[in-house]
Amino acid sequence: MSSLRRRLHHGDVDGKRREHYGTEGFGDLNEPLLGDDDRRELDEKFAEKYVIRGIWDDEGQRVQLHWTVLFSQLIAQWAQWLANIVIGSGTILGRFFSPSSFSQNGQRRLLAPSLSPLQEARLKQLQERLQVPFDGTLTEHQDALRKLWRLAYPSKEIPPLKSELWKEMGWQGQDPSTDFRGGGYISLENLIYFAEEYPEAFQNLLHKREGKRAEWDYPFAVAGVNISFMLAQMLDLQSGKPTSAAAARFLELLAEDETAFDSLFCVAFRMMDAQWLAKHASYMEFNDVLKSTRAQLERELELEDITSPLEMDL
């Protein structure tokens, strides 16, 4: 796995000096600015000026008309030239104003690109998964919860669906179904995928085997539910088009691998745990760690050389 890269952003602040001019010494503005003699002399000069100007009026108008025609022709030629380029190349503006070039409040924003049929199909499938809430009364959901227990504790007997033993996995109460909330059924699928595809990493996080930890650590299972929810929000998966560079990049990864969201969940979980250890965090700081994890994920996703979520792994 490649190591995570960091990007430093520097901002400059530029100020403008402003000067204030006082009105002292300018005299009384009610007094006339010119005397009678001065005004008479000035009137004579203006009269002479307008006589001379009249001689050149006809010639000046002809010259002005000549340049107006030339300038109009030049503008028309430029317009035609630009139109030919736009039509011939498809989108000249697209090259100058690429999706990733728009920014707002320091965040890269983009014009929503068109999706391929494969991307649309896989995005729709992912959206449908996100809309499924966890339902403790459904046999399928009950079986999935039991499956997660078997993967987490292969040598232990599966407890009843309501038992204090579920707290060992990091559920907050004896009934795990009350902890899914916004995460939905997909968060349980994400945890099962993590346990099946990367059992060693899953077990290390479940049992908190790495690093020096606070006495009041984050609950493993509930943290997974929160990570699933965070990813759905970050990638804006409920909208029809991506609204950030990270979301657009994710759809490219989804076109390459239909399990891209599940893989990104595994990466995000490990990334969150690394942030947790680096910050020497405790339970009450979980939300802050999750925010910094999201920011790191967004930066990594925007790297053009990332071809799989696993390339962002630690």
# chains A, B, ... in the order shown; residues from 1 in each chain; ligands from 1

$ residues_around --residues "range 203-217 of chain A" --least-positions-apart "2" --cutoff "8 Å" --atoms "only C-alpha atoms" --output "list in words"
Ala152, Met169, Ala195, Pro199, Glu200, Ala201, Pro219, Phe220, Arg270, Asp273, Leu277, His280, Ala281, Ser282 and Tyr283 of chain A

$ closest_residue --among "A:Val267, A:Ala221, A:Ile158, A:Leu123" --to "Leu188 in chain A" --atoms "only C-alpha atoms"
A:Ala221

$ atom_distance --atom1 "CA of Ser116 in chain A" --atom2 "CA of Leu301 in chain A"
19.7 Å

$ residues_around --residues "Phe269 in chain A" --least-positions-apart "2" --cutoff "12 Å" --atoms "only C-alpha atoms" --output "PyMOL selection string"
chain A and resi 187+190-191+194-195+198+201-202+204-206+218+220-228+230-231+262-267+271-276+289-290+293-294+297+310+312-314

$ atom_distance --atom1 "CA of Lys167 in chain A" --atom2 "CA of Ala278 in chain A"
25.6 Å

$ residues_around --residues "Ala255 in chain A" --least-positions-apart "6" --cutoff "9 Å" --atoms "only C-alpha atoms" --output "VMD selection string"
chain A and resid 116 118 to 119 122

$ write_last_selection --atoms "N, CA and C atoms" --output "JSON list (two decimals), in the first residue's frame"
[["chain", "number", "residue", "atom", "x", "y", "z"],
["A", 116, "SER", "N", -21.37, 7.56, -17.55],
["A", 116, "SER", "CA", -21.52, 6.47, -18.49],
["A", 116, "SER", "C", -22.67, 5.57, -18.05],
["A", 118, "LEU", "N", -22.61, 2.50, -17.37],
["A", 118, "LEU", "CA", -22.13, 1.64, -16.28],
["A", 118, "LEU", "C", -22.11, 2.40, -14.96],
["A", 119, "GLN", "N", -21.63, 3.64, -14.99],
["A", 119, "GLN", "CA", -21.62, 4.45, -13.77],
["A", 119, "GLN", "C", -23.02, 4.72, -13.26],
["A", 122, "ARG", "N", -24.39, 1.48, -11.62],
["A", 122, "ARG", "CA", -23.79, 1.16, -10.33],
["A", 122, "ARG", "C", -24.12, 2.21, -9.28]]

$ closest_residue --among "A:Leu145, A:Leu253, A:Leu126, A:Ala295" --to "Gln238 in chain A" --atoms "only C-alpha atoms"
A:Leu126

$ closest_residue --among "A:Ala268, A:Leu251, A:Ala246, A:Ala232" --to "Gln127 in chain A" --atoms "only C-alpha atoms"
A:Ala232

$ atom_distance --atom1 "CA of Ala245 in chain A" --atom2 "CA of Ile186 in chain A"
23.8 Å

$ select_by_dssp --residues "range 234-309 of chain A" --states "helix (DSSP H, G or I)" --output "PyMOL selection string"
chain A and resi 234+245-256+260-279+283-301+309
